[in-house]
>>> print(open('start28.pdb').read())   # PDB, N, CA and C atoms
MODEL        1
ATOM      1  N   MET A1000    -237.424 149.337  99.790
ATOM      2  CA  MET A1000    -236.401 149.908 100.628
ATOM      3  C   MET A1000    -235.307 150.468  99.716
ATOM      4  N   GLN A1001    -234.868 151.681 100.048
ATOM      5  CA  GLN A1001    -233.817 152.322  99.267
ATOM      6  C   GLN A1001    -232.596 152.564 100.145
ATOM      7  N   ARG A1002    -231.451 152.511  99.532
ATOM      8  CA  ARG A1002    -230.212 152.767 100.243
ATOM      9  C   ARG A1002    -229.846 154.245 100.130
ATOM     10  N   ILE A1003    -229.392 154.815 101.226
ATOM     11  CA  ILE A1003    -228.905 156.189 101.231
ATOM     12  C   ILE A1003    -227.397 156.111 101.045
ATOM     13  N   LYS A1004    -226.910 156.684  99.947
ATOM     14  CA  LYS A1004    -225.491 156.567  99.618
ATOM     15  C   LYS A1004    -224.710 157.862  99.765
ATOM     16  N   THR A1005    -225.392 159.000  99.764
ATOM     17  CA  THR A1005    -224.682 160.278  99.833
ATOM     18  C   THR A1005    -225.336 161.192 100.869
ATOM     19  N   THR A1006    -224.574 162.179 101.316
ATOM     20  CA  THR A1006    -225.144 163.151 102.245
ATOM     21  C   THR A1006    -226.224 163.992 101.553
ATOM     22  N   GLU A1007    -226.114 164.148 100.242
ATOM     23  CA  GLU A1007    -227.156 164.852  99.498
ATOM     24  C   GLU A1007    -228.461 164.044  99.533
ATOM     25  N   ASP A1008    -228.359 162.731  99.315
ATOM     26  CA  ASP A1008    -229.544 161.858  99.436
ATOM     27  C   ASP A1008    -230.161 162.018 100.820
ATOM     28  N   TRP A1009    -229.298 161.984 101.854
ATOM     29  CA  TRP A1009    -229.776 162.106 103.225
ATOM     30  C   TRP A1009    -230.504 163.446 103.416
ATOM     31  N   GLY A1010    -229.946 164.537 102.907
ATOM     32  CA  GLY A1010    -230.591 165.843 103.029
ATOM     33  C   GLY A1010    -231.975 165.855 102.406
ATOM     34  N   ASN A1011    -232.117 165.216 101.258
ATOM     35  CA  ASN A1011    -233.423 165.128 100.594
ATOM     36  C   ASN A1011    -234.411 164.313 101.418
ATOM     37  N   ILE A1012    -233.942 163.234 102.009
ATOM     38  CA  ILE A1012    -234.814 162.377 102.818
ATOM     39  C   ILE A1012    -235.229 163.103 104.094
ATOM     40  N   LEU A1013    -234.282 163.796 104.710
ATOM     41  CA  LEU A1013    -234.604 164.564 105.911
ATOM     42  C   LEU A1013    -235.665 165.612 105.592
ATOM     43  N   GLN A1014    -235.527 166.272 104.457
ATOM     44  CA  GLN A1014    -236.523 167.261 104.024
ATOM     45  C   GLN A1014    -237.868 166.569 103.751
ATOM     46  N   GLN A1015    -237.820 165.402 103.131
ATOM     47  CA  GLN A1015    -239.042 164.633 102.835
ATOM     48  C   GLN A1015    -239.793 164.274 104.120
ATOM     49  N   SER A1016    -239.057 164.113 105.226
ATOM     50  CA  SER A1016    -239.709 163.751 106.488
ATOM     51  C   SER A1016    -240.601 164.879 107.008
ATOM     52  N   GLY A1017    -240.482 166.058 106.427
ATOM     53  CA  GLY A1017    -241.389 167.148 106.768
ATOM     54  C   GLY A1017    -242.772 166.955 106.175
ATOM     55  N   GLU A1018    -242.841 166.116 105.151
ATOM     56  CA  GLU A1018    -244.110 165.854 104.477
ATOM     57  C   GLU A1018    -244.707 164.510 104.863
ATOM     58  N   GLN A1019    -243.854 163.563 105.226
ATOM     59  CA  GLN A1019    -244.339 162.227 105.594
ATOM     60  C   GLN A1019    -243.302 161.548 106.489
ATOM     61  N   PRO A1020    -243.744 160.649 107.366
ATOM     62  CA  PRO A1020    -242.800 159.925 108.218
ATOM     63  C   PRO A1020    -241.900 159.018 107.373
ATOM     64  N   ILE A1021    -240.681 158.830 107.852
ATOM     65  CA  ILE A1021    -239.674 158.016 107.178
ATOM     66  C   ILE A1021    -239.150 156.979 108.163
ATOM     67  N   LEU A1022    -238.893 155.777 107.677
ATOM     68  CA  LEU A1022    -238.272 154.728 108.485
ATOM     69  C   LEU A1022    -236.844 154.542 108.002
ATOM     70  N   LEU A1023    -235.906 154.461 108.942
ATOM     71  CA  LEU A1023    -234.491 154.395 108.602
ATOM     72  C   LEU A1023    -233.806 153.322 109.440
ATOM     73  N   LEU A1024    -232.982 152.518 108.788
ATOM     74  CA  LEU A1024    -232.164 151.541 109.487
ATOM     75  C   LEU A1024    -230.707 151.789 109.156
ATOM     76  N   LYS A1025    -229.892 151.961 110.200
ATOM     77  CA  LYS A1025    -228.437 152.017 110.053
ATOM     78  C   LYS A1025    -227.942 150.596 110.318
ATOM     79  N   PHE A1026    -227.188 150.067 109.380
ATOM     80  CA  PHE A1026    -226.862 148.638 109.318
ATOM     81  C   PHE A1026    -225.354 148.437 109.205
ATOM     82  N   SER A1027    -224.832 147.473 109.943
ATOM     83  CA  SER A1027    -223.417 147.100 109.844
ATOM     84  C   SER A1027    -223.311 145.710 109.218
ATOM     85  N   MET A1028    -222.484 145.604 108.191
ATOM     86  CA  MET A1028    -222.321 144.320 107.497
ATOM     87  C   MET A1028    -221.563 143.290 108.334
ATOM     88  N   THR A1029    -220.929 143.706 109.407
ATOM     89  CA  THR A1029    -220.106 142.797 110.203
ATOM     90  C   THR A1029    -220.706 142.478 111.563
ATOM     91  N   CYS A1030    -221.950 142.832 111.770
ATOM     92  CA  CYS A1030    -222.583 142.684 113.078
ATOM     93  C   CYS A1030    -223.765 141.720 112.999
ATOM     94  N   ILE A1031    -223.737 140.702 113.833
ATOM     95  CA  ILE A1031    -224.816 139.699 113.850
ATOM     96  C   ILE A1031    -226.160 140.345 114.174
ATOM     97  N   SER A1032    -226.184 141.262 115.142
ATOM     98  CA  SER A1032    -227.470 141.881 115.488
ATOM     99  C   SER A1032    -227.994 142.749 114.338
ATOM    100  N   SER A1033    -227.107 143.291 113.515
ATOM    101  CA  SER A1033    -227.546 144.057 112.340
ATOM    102  C   SER A1033    -228.234 143.160 111.316
ATOM    103  N   ILE A1034    -227.720 141.973 111.145
ATOM    104  CA  ILE A1034    -228.328 141.035 110.195
ATOM    105  C   ILE A1034    -229.740 140.682 110.649
ATOM    106  N   ALA A1035    -229.902 140.434 111.946
ATOM    107  CA  ALA A1035    -231.235 140.145 112.491
ATOM    108  C   ALA A1035    -232.149 141.365 112.347
ATOM    109  N   ALA A1036    -231.599 142.551 112.611
ATOM    110  CA  ALA A1036    -232.389 143.778 112.514
ATOM    111  C   ALA A1036    -232.857 144.035 111.081
ATOM    112  N   LEU A1037    -231.991 143.773 110.120
ATOM    113  CA  LEU A1037    -232.359 143.967 108.717
ATOM    114  C   LEU A1037    -233.525 143.052 108.337
ATOM    115  N   LYS A1038    -233.473 141.835 108.797
ATOM    116  CA  LYS A1038    -234.559 140.885 108.533
ATOM    117  C   LYS A1038    -235.884 141.403 109.123
ATOM    118  N   GLU A1039    -235.828 141.910 110.344
ATOM    119  CA  GLU A1039    -237.025 142.451 110.997
ATOM    120  C   GLU A1039    -237.526 143.704 110.273
ATOM    121  N   PHE A1040    -236.602 144.557 109.876
ATOM    122  CA  PHE A1040    -236.935 145.796 109.160
ATOM    123  C   PHE A1040    -237.635 145.482 107.840
ATOM    124  N   LYS A1041    -237.101 144.536 107.111
ATOM    125  CA  LYS A1041    -237.709 144.142 105.832
ATOM    126  C   LYS A1041    -239.108 143.581 106.019
ATOM    127  N   ALA A1042    -239.370 142.957 107.171
ATOM    128  CA  ALA A1042    -240.650 142.299 107.424
ATOM    129  C   ALA A1042    -241.766 143.263 107.831
ATOM    130  N   ILE A1043    -241.425 144.515 108.108
ATOM    131  CA  ILE A1043    -242.460 145.480 108.502
ATOM    132  C   ILE A1043    -243.395 145.719 107.320
ATOM    133  N   ASP A1044    -244.682 145.539 107.571
ATOM    134  CA  ASP A1044    -245.695 145.778 106.553
ATOM    135  C   ASP A1044    -246.215 147.201 106.733
ATOM    136  N   THR A1045    -245.764 148.103 105.871
ATOM    137  CA  THR A1045    -246.127 149.505 105.995
ATOM    138  C   THR A1045    -246.099 150.185 104.637
ATOM    139  N   HIS A1046    -246.844 151.275 104.534
ATOM    140  CA  HIS A1046    -246.814 152.107 103.326
ATOM    141  C   HIS A1046    -245.725 153.175 103.417
ATOM    142  N   LEU A1047    -245.098 153.313 104.580
ATOM    143  CA  LEU A1047    -244.075 154.340 104.773
ATOM    144  C   LEU A1047    -242.803 153.993 104.003
ATOM    145  N   SER A1048    -242.083 155.030 103.602
ATOM    146  CA  SER A1048    -240.814 154.835 102.898
ATOM    147  C   SER A1048    -239.778 154.290 103.870
ATOM    148  N   LYS A1049    -239.014 153.294 103.415
ATOM    149  CA  LYS A1049    -237.980 152.656 104.227
ATOM    150  C   LYS A1049    -236.621 152.879 103.560
ATOM    151  N   TYR A1050    -235.653 153.302 104.392
ATOM    152  CA  TYR A1050    -234.311 153.597 103.901
ATOM    153  C   TYR A1050    -233.272 152.856 104.728
ATOM    154  N   LEU A1051    -232.143 152.569 104.085
ATOM    155  CA  LEU A1051    -231.063 151.817 104.697
ATOM    156  C   LEU A1051    -229.743 152.552 104.500
ATOM    157  N   VAL A1052    -228.950 152.640 105.575
ATOM    158  CA  VAL A1052    -227.585 153.153 105.499
ATOM    159  C   VAL A1052    -226.659 152.017 105.917
ATOM    160  N   ILE A1053    -225.731 151.652 105.045
ATOM    161  CA  ILE A1053    -224.718 150.662 105.389
ATOM    162  C   ILE A1053    -223.534 151.448 105.930
ATOM    163  N   VAL A1054    -223.312 151.352 107.244
ATOM    164  CA  VAL A1054    -222.369 152.267 107.891
ATOM    165  C   VAL A1054    -220.933 152.111 107.393
ATOM    166  N   GLN A1055    -220.510 150.921 107.022
ATOM    167  CA  GLN A1055    -219.142 150.757 106.524
ATOM    168  C   GLN A1055    -218.938 151.436 105.168
ATOM    169  N   MET A1056    -219.976 151.496 104.379
ATOM    170  CA  MET A1056    -219.863 152.056 103.032
ATOM    171  C   MET A1056    -220.237 153.536 102.981
ATOM    172  N   GLU A1057    -221.061 153.978 103.894
ATOM    173  CA  GLU A1057    -221.538 155.364 103.915
ATOM    174  C   GLU A1057    -221.290 155.987 105.278
ATOM    175  N   ARG A1058    -220.059 155.933 105.743
ATOM    176  CA  ARG A1058    -219.709 156.474 107.065
ATOM    177  C   ARG A1058    -220.028 157.962 107.156
ATOM    178  N   ASP A1059    -219.761 158.725 106.090
ATOM    179  CA  ASP A1059    -220.057 160.159 106.116
ATOM    180  C   ASP A1059    -221.552 160.419 106.260
ATOM    181  N   VAL A1060    -222.371 159.586 105.641
ATOM    182  CA  VAL A1060    -223.826 159.710 105.769
ATOM    183  C   VAL A1060    -224.235 159.408 107.208
ATOM    184  N   SER A1061    -223.714 158.330 107.755
ATOM    185  CA  SER A1061    -224.026 157.955 109.134
ATOM    186  C   SER A1061    -223.639 159.060 110.112
ATOM    187  N   ASN A1062    -222.456 159.642 109.927
ATOM    188  CA  ASN A1062    -222.011 160.737 110.801
ATOM    189  C   ASN A1062    -222.907 161.963 110.658
ATOM    190  N   THR A1063    -223.334 162.253 109.437
ATOM    191  CA  THR A1063    -224.208 163.404 109.196
ATOM    192  C   THR A1063    -225.579 163.180 109.839
ATOM    193  N   ILE A1064    -226.079 161.963 109.771
ATOM    194  CA  ILE A1064    -227.356 161.640 110.423
ATOM    195  C   ILE A1064    -227.243 161.895 111.925
ATOM    196  N   GLU A1065    -226.159 161.417 112.521
ATOM    197  CA  GLU A1065    -225.943 161.614 113.957
ATOM    198  C   GLU A1065    -225.943 163.101 114.298
ATOM    199  N   LYS A1066    -225.219 163.884 113.512
ATOM    200  CA  LYS A1066    -225.113 165.327 113.737
ATOM    201  C   LYS A1066    -226.458 166.027 113.527
ATOM    202  N   ASP A1067    -227.121 165.733 112.418
ATOM    203  CA  ASP A1067    -228.382 166.409 112.086
ATOM    204  C   ASP A1067    -229.494 166.096 113.081
ATOM    205  N   LEU A1068    -229.558 164.852 113.549
ATOM    206  CA  LEU A1068    -230.643 164.449 114.436
ATOM    207  C   LEU A1068    -230.290 164.594 115.912
ATOM    208  N   GLY A1069    -228.993 164.705 116.208
ATOM    209  CA  GLY A1069    -228.585 164.757 117.609
ATOM    210  C   GLY A1069    -228.817 163.441 118.325
ATOM    211  N   VAL A1070    -228.764 162.353 117.553
ATOM    212  CA  VAL A1070    -228.979 161.010 118.091
ATOM    213  C   VAL A1070    -227.666 160.241 117.985
ATOM    214  N   LYS A1071    -227.153 159.788 119.121
ATOM    215  CA  LYS A1071    -225.892 159.060 119.152
ATOM    216  C   LYS A1071    -225.934 157.869 118.202
ATOM    217  N   HIS A1072    -224.873 157.713 117.413
ATOM    218  CA  HIS A1072    -224.789 156.612 116.457
ATOM    219  C   HIS A1072    -224.699 155.271 117.176
ATOM    220  N   GLU A1073    -225.501 154.338 116.714
ATOM    221  CA  GLU A1073    -225.387 152.937 117.098
ATOM    222  C   GLU A1073    -225.681 152.118 115.858
ATOM    223  N   SER A1074    -225.278 150.882 115.891
ATOM    224  CA  SER A1074    -225.542 150.009 114.758
ATOM    225  C   SER A1074    -225.741 148.584 115.267
ATOM    226  N   PRO A1075    -226.885 148.016 114.925
ATOM    227  CA  PRO A1075    -227.972 148.566 114.123
ATOM    228  C   PRO A1075    -228.778 149.592 114.912
ATOM    229  N   GLN A1076    -229.396 150.467 114.155
ATOM    230  CA  GLN A1076    -230.220 151.517 114.745
ATOM    231  C   GLN A1076    -231.399 151.790 113.822
ATOM    232  N   PHE A1077    -232.589 151.704 114.373
ATOM    233  CA  PHE A1077    -233.824 151.985 113.645
ATOM    234  C   PHE A1077    -234.356 153.321 114.129
ATOM    235  N   LEU A1078    -234.740 154.174 113.202
ATOM    236  CA  LEU A1078    -235.273 155.491 113.538
ATOM    237  C   LEU A1078    -236.561 155.756 112.774
ATOM    238  N   ILE A1079    -237.499 156.392 113.458
ATOM    239  CA  ILE A1079    -238.665 156.968 112.788
ATOM    240  C   ILE A1079    -238.393 158.466 112.703
ATOM    241  N   LEU A1080    -238.438 159.006 111.497
ATOM    242  CA  LEU A1080    -238.198 160.431 111.278
ATOM    243  C   LEU A1080    -239.503 161.129 110.940
ATOM    244  N   LEU A1081    -239.664 162.310 111.504
ATOM    245  CA  LEU A1081    -240.830 163.127 111.207
ATOM    246  C   LEU A1081    -240.451 164.591 111.423
ATOM    247  N   ASN A1082    -240.758 165.428 110.451
ATOM    248  CA  ASN A1082    -240.476 166.863 110.535
ATOM    249  C   ASN A1082    -239.002 167.155 110.823
ATOM    250  N   GLY A1083    -238.124 166.383 110.187
ATOM    251  CA  GLY A1083    -236.699 166.626 110.316
ATOM    252  C   GLY A1083    -236.093 166.180 111.629
ATOM    253  N   LYS A1084    -236.819 165.375 112.390
ATOM    254  CA  LYS A1084    -236.336 164.919 113.696
ATOM    255  C   LYS A1084    -236.511 163.412 113.823
ATOM    256  N   GLY A1085    -235.650 162.816 114.634
ATOM    257  CA  GLY A1085    -235.836 161.421 115.003
ATOM    258  C   GLY A1085    -236.799 161.381 116.172
ATOM    259  N   ILE A1086    -237.994 160.835 115.958
ATOM    260  CA  ILE A1086    -239.015 160.864 117.011
ATOM    261  C   ILE A1086    -239.059 159.572 117.824
ATOM    262  N   TRP A1087    -238.406 158.517 117.316
ATOM    263  CA  TRP A1087    -238.366 157.246 118.047
ATOM    264  C   TRP A1087    -237.213 156.428 117.498
ATOM    265  N   GLN A1088    -236.584 155.632 118.373
ATOM    266  CA  GLN A1088    -235.501 154.776 117.913
ATOM    267  C   GLN A1088    -235.437 153.488 118.725
ATOM    268  N   ALA A1089    -234.839 152.499 118.104
ATOM    269  CA  ALA A1089    -234.523 151.231 118.769
ATOM    270  C   ALA A1089    -233.154 150.798 118.261
ATOM    271  N   THR A1090    -232.429 150.064 119.092
ATOM    272  CA  THR A1090    -231.110 149.601 118.701
ATOM    273  C   THR A1090    -230.940 148.120 119.010
ATOM    274  N   HIS A1091    -229.999 147.534 118.338
ATOM    275  CA  HIS A1091    -229.558 146.157 118.541
ATOM    276  C   HIS A1091    -230.734 145.177 118.540
ATOM    277  N   TYR A1092    -230.817 144.334 119.554
ATOM    278  CA  TYR A1092    -231.834 143.283 119.551
ATOM    279  C   TYR A1092    -233.227 143.773 119.942
ATOM    280  N   LYS A1093    -233.378 145.062 120.150
ATOM    281  CA  LYS A1093    -234.713 145.640 120.371
ATOM    282  C   LYS A1093    -235.409 145.927 119.039
ATOM    283  N   ILE A1094    -234.688 145.735 117.944
ATOM    284  CA  ILE A1094    -235.271 145.949 116.621
ATOM    285  C   ILE A1094    -236.010 144.667 116.229
ATOM    286  N   LYS A1095    -237.265 144.632 116.631
ATOM    287  CA  LYS A1095    -238.155 143.497 116.355
ATOM    288  C   LYS A1095    -239.388 144.011 115.626
ATOM    289  N   ARG A1096    -239.856 143.236 114.690
ATOM    290  CA  ARG A1096    -240.991 143.665 113.864
ATOM    291  C   ARG A1096    -242.176 144.124 114.706
ATOM    292  N   THR A1097    -242.540 143.382 115.751
ATOM    293  CA  THR A1097    -243.710 143.758 116.554
ATOM    294  C   THR A1097    -243.488 145.080 117.275
ATOM    295  N   LEU A1098    -242.305 145.276 117.820
ATOM    296  CA  LEU A1098    -242.004 146.526 118.515
ATOM    297  C   LEU A1098    -241.999 147.700 117.538
ATOM    298  N   LEU A1099    -241.419 147.494 116.361
ATOM    299  CA  LEU A1099    -241.376 148.554 115.347
ATOM    300  C   LEU A1099    -242.777 148.906 114.864
ATOM    301  N   THR A1100    -243.579 147.887 114.629
ATOM    302  CA  THR A1100    -244.964 148.104 114.180
ATOM    303  C   THR A1100    -245.746 148.871 115.237
ATOM    304  N   ASP A1101    -245.579 148.497 116.508
ATOM    305  CA  ASP A1101    -246.262 149.211 117.590
ATOM    306  C   ASP A1101    -245.805 150.668 117.652
ATOM    307  N   ALA A1102    -244.518 150.898 117.487
ATOM    308  CA  ALA A1102    -243.993 152.267 117.519
ATOM    309  C   ALA A1102    -244.562 153.100 116.373
ATOM    310  N   ILE A1103    -244.655 152.497 115.208
ATOM    311  CA  ILE A1103    -245.233 153.213 114.057
ATOM    312  C   ILE A1103    -246.687 153.580 114.360
ATOM    313  N   LYS A1104    -247.451 152.653 114.904
ATOM    314  CA  LYS A1104    -248.849 152.932 115.251
ATOM    315  C   LYS A1104    -248.964 154.027 116.296
ATOM    316  N   THR A1105    -248.039 154.054 117.237
ATOM    317  CA  THR A1105    -248.069 155.033 118.328
ATOM    318  C   THR A1105    -247.597 156.410 117.884
ATOM    319  N   TYR A1106    -246.515 156.486 117.132
ATOM    320  CA  TYR A1106    -245.877 157.761 116.844
ATOM    321  C   TYR A1106    -246.200 158.345 115.478
ATOM    322  N   VAL A1107    -246.776 157.572 114.599
ATOM    323  CA  VAL A1107    -247.117 158.065 113.266
ATOM    324  C   VAL A1107    -248.630 158.144 113.177
ATOM    325  N   LYS A1108    -249.117 159.355 113.160
ATOM    326  CA  LYS A1108    -250.572 159.577 113.129
ATOM    327  C   LYS A1108    -251.055 159.809 111.723
TER
ENDMDL
END
>>> encode(input="start28.pdb", output="structure tokens")
Amino acid sequence: MQRIKTTEDWGNILQQSGEQPILLLKFSMTCISSIAALKEFKAIDTHLSKYLVIVQMERDVSNTIEKDLGVKHESPQFLILLNGKGIWQATHYKIKRTLLTDAIKTYVK
């Protein structure tokens, strides 16, 4: 798992999603549900690239993600990216390993 720290990093990852699906978690250091979501995100067994945005430290990145994808910001927020778009998302306590794994199987061909 890699952390996205700059809007330039985010632009590269968004472009990379044109070649392969990307998994993204927006995480808040002060939110109990974010801590649970991070644990679930880390537990996903996948070959896909996984990225993390810490919203308190990378607010500009988080805002740019919201703008670029047209997906309202929430935290925690899990997104599957493909072809420069968010094709699936889950938030808060819906971020569970089994649900995420099922979504990957369904939406990533």
>>> closest_atom_pairs(input="start28.pdb", of="segment 1001-1037 of chain A", to="segment 1045-1060 of chain A", cutoff="6 Å", atoms="all atoms listed in the file", output="CSV")
residue,atom,partner,partner_atom,distance
A:Gln1001,C,A:Leu1051,N,4.0
A:Arg1002,CA,A:Leu1051,C,4.3
A:Ile1003,N,A:Leu1051,C,4.0
A:Lys1004,C,A:Glu1057,CA,5.8
A:Thr1005,C,A:Val1060,CA,5.3
A:Thr1006,CA,A:Val1060,CA,5.1
A:Pro1020,C,A:Ser1048,N,5.5
A:Ile1021,CA,A:Ser1048,C,5.0
A:Leu1022,C,A:Tyr1050,N,4.0
A:Leu1023,CA,A:Tyr1050,C,4.3
A:Leu1024,C,A:Val1052,N,4.1
A:Lys1025,CA,A:Val1052,C,4.5
A:Phe1026,N,A:Val1052,C,4.0
A:Ser1027,N,A:Val1054,N,5.0
A:Met1028,N,A:Gln1055,N,5.8
>>> residues_around(input="start28.pdb", residues="segment 1089-1097 of chain A", least_positions_apart="5", cutoff="7 Å", atoms="only C-alpha atoms", output="PyMOL selection string")
chain A and resi 1032-1033+1036+1039-1040+1042-1043+1073-1078
>>> closest_residue(input="start28.pdb", among="A:Leu1098, A:Ile1103, A:Ile1064, A:Ile1034", to="Ile1079 of chain A", atoms="only C-alpha atoms")
A:Ile1103
>>> residues_around(input="start28.pdb", residues="Asn1082 of chain A", least_positions_apart="6", cutoff="9 Å", atoms="only C-alpha atoms", output="compact mmCIF listing (two decimals) with N, CA and C atoms, keeping the file's coordinate frame")
# COMPACT_ATOMS: atom_id res chain seq x y z
N LEU A 1013 -234.28 163.80 104.71
CA LEU A 1013 -234.60 164.56 105.91
C LEU A 1013 -235.66 165.61 105.59
N GLN A 1014 -235.53 166.27 104.46
CA GLN A 1014 -236.52 167.26 104.02
C GLN A 1014 -237.87 166.57 103.75
N GLN A 1015 -237.82 165.40 103.13
CA GLN A 1015 -239.04 164.63 102.84
C GLN A 1015 -239.79 164.27 104.12
N SER A 1016 -239.06 164.11 105.23
CA SER A 1016 -239.71 163.75 106.49
C SER A 1016 -240.60 164.88 107.01
N GLY A 1017 -240.48 166.06 106.43
CA GLY A 1017 -241.39 167.15 106.77
C GLY A 1017 -242.77 166.96 106.18
N GLU A 1018 -242.84 166.12 105.15
CA GLU A 1018 -244.11 165.85 104.48
C GLU A 1018 -244.71 164.51 104.86
N GLN A 1019 -243.85 163.56 105.23
CA GLN A 1019 -244.34 162.23 105.59
C GLN A 1019 -243.30 161.55 106.49
N PRO A 1020 -243.74 160.65 107.37
CA PRO A 1020 -242.80 159.93 108.22
C PRO A 1020 -241.90 159.02 107.37
>>> select_by_dssp(input="start28.pdb", residues="chain A", states="strand (DSSP E)", output="list in words")
Gln1001, Arg1002, Ile1021, Leu1022, Leu1023, Leu1024, Lys1025, Phe1026, Ser1048, Lys1049, Tyr1050, Leu1051, Val1052, Ile1053, Gln1076, Phe1077, Leu1078, Ile1079, Leu1080, Leu1081, Lys1084, Gly1085, Ile1086, Trp1087, Gln1088, Ala1089 and Thr1090 of chain A
>>> decode(input="start28.pdb", residues="segment 1052-1073 of chain A", atoms="N, CA and C atoms", output="mmCIF file, in the first residue's frame")
data_model
loop_
_atom_site.group_PDB
_atom_site.id
_atom_site.type_symbol
_atom_site.label_atom_id
_atom_site.label_comp_id
_atom_site.auth_asym_id
_atom_site.auth_seq_id
_atom_site.Cartn_x
_atom_site.Cartn_y
_atom_site.Cartn_z
ATOM 1 N N VAL A 1052 -4.988 7.815 1.231
ATOM 2 C CA VAL A 1052 -4.920 9.261 1.421
ATOM 3 C C VAL A 1052 -5.304 9.538 2.870
ATOM 4 N N ILE A 1053 -4.420 10.191 3.608
ATOM 5 C CA ILE A 1053 -4.733 10.614 4.967
ATOM 6 C C ILE A 1053 -5.291 12.025 4.846
ATOM 7 N N VAL A 1054 -6.600 12.163 5.068
ATOM 8 C CA VAL A 1054 -7.267 13.420 4.723
ATOM 9 C C VAL A 1054 -6.759 14.618 5.525
ATOM 10 N N GLN A 1055 -6.356 14.432 6.765
ATOM 11 C CA GLN A 1055 -5.848 15.565 7.542
ATOM 12 C C GLN A 1055 -4.510 16.078 7.005
ATOM 13 N N MET A 1056 -3.726 15.198 6.443
ATOM 14 C CA MET A 1056 -2.395 15.574 5.969
ATOM 15 C C MET A 1056 -2.384 15.943 4.487
ATOM 16 N N GLU A 1057 -3.312 15.417 3.732
ATOM 17 C CA GLU A 1057 -3.371 15.649 2.285
ATOM 18 C C GLU A 1057 -4.749 16.150 1.888
ATOM 19 N N ARG A 1058 -5.207 17.206 2.528
ATOM 20 C CA ARG A 1058 -6.542 17.758 2.249
ATOM 21 C C ARG A 1058 -6.673 18.177 0.789
ATOM 22 N N ASP A 1059 -5.626 18.782 0.216
ATOM 23 C CA ASP A 1059 -5.691 19.197 -1.187
ATOM 24 C C ASP A 1059 -5.848 18.001 -2.118
ATOM 25 N N VAL A 1060 -5.210 16.891 -1.786
ATOM 26 C CA VAL A 1060 -5.347 15.665 -2.578
ATOM 27 C C VAL A 1060 -6.779 15.149 -2.468
ATOM 28 N N SER A 1061 -7.296 15.095 -1.259
ATOM 29 C CA SER A 1061 -8.665 14.632 -1.042
ATOM 30 C C SER A 1061 -9.670 15.485 -1.808
ATOM 31 N N ASN A 1062 -9.497 16.804 -1.767
ATOM 32 C CA ASN A 1062 -10.398 17.706 -2.500
ATOM 33 C C ASN A 1062 -10.290 17.495 -4.008
ATOM 34 N N THR A 1063 -9.079 17.266 -4.495
ATOM 35 C CA THR A 1063 -8.871 17.040 -5.928
ATOM 36 C C THR A 1063 -9.514 15.720 -6.361
ATOM 37 N N ILE A 1064 -9.416 14.706 -5.527
ATOM 38 C CA ILE A 1064 -10.064 13.421 -5.828
ATOM 39 C C ILE A 1064 -11.571 13.629 -5.961
ATOM 40 N N GLU A 1065 -12.151 14.354 -5.014
ATOM 41 C CA GLU A 1065 -13.591 14.624 -5.050
ATOM 42 C C GLU A 1065 -13.970 15.323 -6.352
ATOM 43 N N LYS A 1066 -13.202 16.337 -6.720
ATOM 44 C CA LYS A 1066 -13.464 17.109 -7.937
ATOM 45 C C LYS A 1066 -13.279 16.255 -9.193
ATOM 46 N N ASP A 1067 -12.165 15.542 -9.274
ATOM 47 C CA ASP A 1067 -11.856 14.751 -10.474
ATOM 48 C C ASP A 1067 -12.846 13.615 -10.698
ATOM 49 N N LEU A 1068 -13.282 12.968 -9.619
ATOM 50 C CA LEU A 1068 -14.162 11.813 -9.754
ATOM 51 C C LEU A 1068 -15.640 12.179 -9.678
ATOM 52 N N GLY A 1069 -15.933 13.372 -9.157
ATOM 53 C CA GLY A 1069 -17.335 13.744 -8.975
ATOM 54 C C GLY A 1069 -18.016 12.912 -7.907
ATOM 55 N N VAL A 1070 -17.215 12.454 -6.943
ATOM 56 C CA VAL A 1070 -17.720 11.625 -5.847
ATOM 57 C C VAL A 1070 -17.588 12.421 -4.552
ATOM 58 N N LYS A 1071 -18.710 12.650 -3.883
ATOM 59 C CA LYS A 1071 -18.717 13.418 -2.645
ATOM 60 C C LYS A 1071 -17.736 12.827 -1.639
ATOM 61 N N HIS A 1072 -16.939 13.697 -1.020
ATOM 62 C CA HIS A 1072 -15.953 13.260 -0.034
ATOM 63 C C HIS A 1072 -16.637 12.700 1.208
ATOM 64 N N GLU A 1073 -16.154 11.557 1.640
ATOM 65 C CA GLU A 1073 -16.501 10.993 2.938
ATOM 66 C C GLU A 1073 -15.240 10.359 3.491
#
